[in-house]
>>> print(open('work01.cif').read())   # mmCIF, C-alpha atoms
data_model
loop_
_atom_site.label_atom_id
_atom_site.label_comp_id
_atom_site.auth_asym_id
_atom_site.auth_seq_id
_atom_site.Cartn_x
_atom_site.Cartn_y
_atom_site.Cartn_z
CA MET S 625 0.00 0.00 0.00
CA LYS S 626 1.37 3.38 -0.99
CA ARG S 627 1.85 5.88 1.81
CA PHE S 628 0.20 9.29 1.56
CA CYS S 629 2.71 12.03 0.86
CA PHE S 630 1.79 15.69 1.27
CA SER S 631 3.65 17.83 -1.20
CA LEU S 632 3.59 21.55 -0.56
CA GLU S 633 5.21 22.13 -3.94
CA ARG S 634 2.40 20.36 -5.76
CA VAL S 635 -0.26 22.39 -3.95
CA ARG S 636 1.69 25.59 -4.71
CA ARG S 637 1.85 24.70 -8.41
CA LEU S 638 -1.88 23.94 -8.49
CA ARG S 639 -2.73 27.24 -6.82
CA ALA S 640 -0.40 29.15 -9.15
CA PHE S 641 -2.10 27.44 -12.09
CA ARG S 642 -5.52 28.46 -10.74
CA VAL S 643 -4.36 32.08 -10.40
CA ARG S 644 -3.06 32.10 -13.99
CA GLU S 645 -6.28 30.47 -15.20
CA LEU S 646 -8.36 33.18 -13.52
CA GLU S 647 -6.10 35.90 -14.96
CA VAL S 648 -6.75 34.56 -18.46
CA GLU S 649 -10.49 34.32 -17.84
CA LEU S 650 -10.52 37.84 -16.40
CA SER S 651 -8.65 39.24 -19.39
CA LYS S 652 -11.10 37.59 -21.81
CA VAL S 653 -14.09 39.11 -20.02
CA LEU S 654 -12.38 42.52 -19.89
CA ALA S 655 -11.66 42.32 -23.63
CA GLU S 656 -15.28 41.43 -24.38
CA TYR S 657 -16.47 44.25 -22.10
CA GLY S 658 -14.24 46.71 -23.98
CA SER S 659 -15.48 45.41 -27.31
CA ILE S 660 -19.09 45.95 -26.28
CA ASP S 661 -18.25 49.43 -25.03
CA THR S 662 -16.71 50.23 -28.43
CA GLN S 663 -19.82 48.91 -30.20
CA ILE S 664 -22.07 51.05 -27.99
CA ARG S 665 -20.01 54.13 -28.82
CA SER S 666 -20.21 53.28 -32.51
CA ILE S 667 -23.99 52.92 -32.30
CA ALA S 668 -24.20 56.27 -30.50
CA GLY S 669 -22.28 57.94 -33.34
CA GLU S 670 -24.49 56.32 -35.94
CA TYR S 671 -27.58 57.33 -33.96
CA ARG S 672 -26.45 60.97 -33.95
CA ALA S 673 -25.84 60.80 -37.70
CA ARG S 674 -29.34 59.39 -38.34
CA MET S 675 -30.89 62.04 -36.10
CA GLN S 676 -29.14 64.75 -38.12
CA ASP S 677 -30.58 63.20 -41.28
CA VAL S 678 -34.10 64.00 -40.11
CA ALA S 679 -33.31 67.25 -38.29
CA PRO S 680 -35.18 70.23 -39.69
CA LYS S 681 -33.00 72.15 -42.11
CA ARG S 682 -33.71 75.37 -43.92
CA GLY S 683 -35.24 74.61 -47.29
CA ALA S 684 -35.08 70.83 -46.86
CA VAL S 685 -38.06 68.76 -47.90
CA PHE S 686 -38.50 65.27 -46.50
CA SER S 687 -40.77 62.61 -47.83
CA ALA S 688 -42.74 60.40 -45.48
CA ALA S 689 -40.93 57.33 -46.82
CA SER S 690 -37.46 58.76 -46.10
CA VAL S 691 -38.45 59.84 -42.59
CA SER S 692 -39.99 56.42 -41.97
CA ALA S 693 -36.84 54.66 -43.23
CA VAL S 694 -34.61 56.76 -40.98
CA GLN S 695 -36.96 56.15 -38.04
CA ASP S 696 -36.74 52.40 -38.67
CA GLN S 697 -32.94 52.64 -38.67
CA ILE S 698 -33.06 54.59 -35.40
CA ASP S 699 -35.35 51.98 -33.85
CA VAL S 700 -32.96 49.20 -34.88
CA LEU S 701 -30.02 51.13 -33.42
CA GLN S 702 -31.88 51.68 -30.15
CA LEU S 703 -32.79 48.00 -29.94
CA ARG S 704 -29.21 46.94 -30.63
CA ARG S 705 -27.96 49.44 -28.04
CA GLU S 706 -30.35 48.04 -25.42
CA GLN S 707 -29.18 44.49 -26.19
CA LEU S 708 -25.55 45.54 -25.83
CA LEU S 709 -26.24 47.40 -22.58
CA HIS S 710 -27.96 44.29 -21.20
CA LYS S 711 -25.00 42.14 -22.22
CA GLN S 712 -22.58 44.68 -20.74
CA ALA S 713 -24.48 44.67 -17.44
CA HIS S 714 -24.27 40.88 -17.35
CA LEU S 715 -20.54 41.04 -18.10
CA SER S 716 -20.10 43.63 -15.38
CA PHE S 717 -21.64 41.23 -12.87
CA THR S 718 -19.47 38.38 -14.17
CA LEU S 719 -16.43 40.63 -13.96
CA GLU S 720 -17.08 41.42 -10.30
CA GLN S 721 -17.44 37.72 -9.49
CA LEU S 722 -14.22 36.91 -11.34
CA ARG S 723 -12.35 39.68 -9.53
CA GLU S 724 -13.50 38.29 -6.18
CA ARG S 725 -12.47 34.75 -7.16
CA TYR S 726 -9.12 36.04 -8.43
CA ALA S 727 -8.47 37.98 -5.22
CA HIS S 728 -9.32 34.91 -3.14
CA ALA S 729 -7.09 32.63 -5.24
CA ARG S 730 -4.26 35.16 -5.13
CA ARG S 731 -4.47 35.45 -1.33
CA ALA S 732 -4.47 31.65 -0.97
CA HIS S 733 -1.46 31.38 -3.26
CA GLU S 734 0.45 34.11 -1.41
CA ALA S 735 -0.35 32.49 1.95
CA LEU S 736 1.08 29.24 0.65
CA LEU S 737 4.19 31.04 -0.61
CA MET S 738 4.68 32.61 2.83
CA LEU S 739 4.25 29.19 4.47
CA GLU S 740 6.77 27.72 2.06
CA GLU S 741 9.25 30.51 2.85
CA LYS S 742 8.74 29.92 6.58
CA GLU S 743 9.44 26.22 6.10
CA LYS S 744 12.61 26.99 4.14
CA THR S 745 13.78 29.40 6.82
CA ARG S 746 13.12 26.83 9.55
CA TRP S 747 14.95 24.17 7.55
CA ARG S 748 17.95 26.50 7.02
CA GLU S 749 18.09 27.26 10.76
CA GLN S 750 17.96 23.55 11.61
CA ARG S 751 20.69 22.82 9.09
CA LEU S 752 22.91 25.61 10.48
CA ARG S 753 22.38 24.37 14.06
CA ALA S 754 23.28 20.84 12.97
CA GLU S 755 26.42 22.14 11.23
CA ASP S 756 27.36 24.14 14.36
CA ARG S 757 26.92 21.05 16.54
CA ALA S 758 28.98 18.98 14.12
CA CYS S 759 31.75 21.61 14.11
CA ASP S 760 31.67 21.81 17.92
CA ASP S 761 31.89 18.01 18.13
CA LEU S 762 34.86 18.01 15.77
CA VAL S 763 36.64 20.74 17.73
CA SER S 764 35.98 19.07 21.08
CA ALA S 765 37.07 15.70 19.72
CA ARG S 766 40.41 17.13 18.55
CA VAL S 767 41.21 19.03 21.72
CA PRO S 768 41.97 16.63 24.55
CA GLY S 769 40.29 17.57 27.79
CA ALA S 770 37.98 20.15 26.20
CA PRO S 771 34.57 20.30 27.87
CA SER S 772 31.64 19.03 25.87
CA LYS S 773 28.67 21.33 25.23
CA HIS S 774 26.13 18.54 25.65
#
>>> encode(input="work01.cif", output="structure tokens")
Amino acid sequence: MKRFCFSLERVRRLRAFRVRELEVELSKVLAEYGSIDTQIRSIAGEYRARMQDVAPKRGAVFSAASVSAVQDQIDVLQLRREQLLHKQAHLSFTLEQLRERYAHARRAHEALLMLEEKEKTRWREQRLRAEDRACDDLVSARVPGAPSKH
């Protein structure tokens, strides 16, 4: 039967992988959010242009068909804008959740790194104490009649 072995390094690698995975997911959502924002701005510009098409101008004569066509275009733009705003609101909510998950994963990873550093420091101190004892033993073994520190 194989004995259970706890590997701090393996857990650290898994947590680091999770942090990187969340960073990638977060960047994808941010890119999509920016893309939607750009589309909304584009629609706003097109909306202003269509509104200027039907704005009263000196000496301009508009037919009912042209006004109706422009109004249909404006309605489509408004509908598309509403759809994009809804999608952007959903992405905003998703973004907040991802940021929270990322912050939690990052804290867990940093806590593990601090624990690992503590373990390394403790191991170094133990190793130095063992080397000091070994050196003291060597010195006391070479000097006849020297008192032992034990």
>>> residues_around(input="work01.cif", residues="segment 639-644 of chain S", least_positions_apart="5", cutoff="12 Å", atoms="all atoms listed in the file", output="ChimeraX atom specification")
/S:632-634,649-651,722-737
>>> residues_around(input="work01.cif", residues="Gln676 of chain S", least_positions_apart="3", cutoff="12 Å", atoms="only C-alpha atoms", output="PyMOL selection string")
chain S and resi 669-673+679-681+691+694-695+698
>>> atom_distance(input="work01.cif", atom1="atom CA of Gln750 of chain S", atom2="atom CA of Arg637 of chain S")
25.7 Å
>>> closest_residue(input="work01.cif", among="S:Glu647, S:Asp661, S:Asp761, S:Glu743", to="Leu709 of chain S", atoms="only C-alpha atoms")
S:Asp661
>>> atom_distance(input="work01.cif", atom1="atom CA of Lys711 of chain S", atom2="atom CA of Ile660 of chain S")
8.1 Å
>>> atom_distance(input="work01.cif", atom1="atom CA of Ile664 of chain S", atom2="atom CA of Arg705 of chain S")
6.1 Å
>>> residues_around(input="work01.cif", residues="Ser659 of chain S", least_positions_apart="3", cutoff="12 Å", atoms="all atoms listed in the file", output="JSON, numbers by chain")
{"S": [652, 653, 654, 655, 656, 662, 663, 664, 665, 666, 708, 709, 711, 712, 715]}
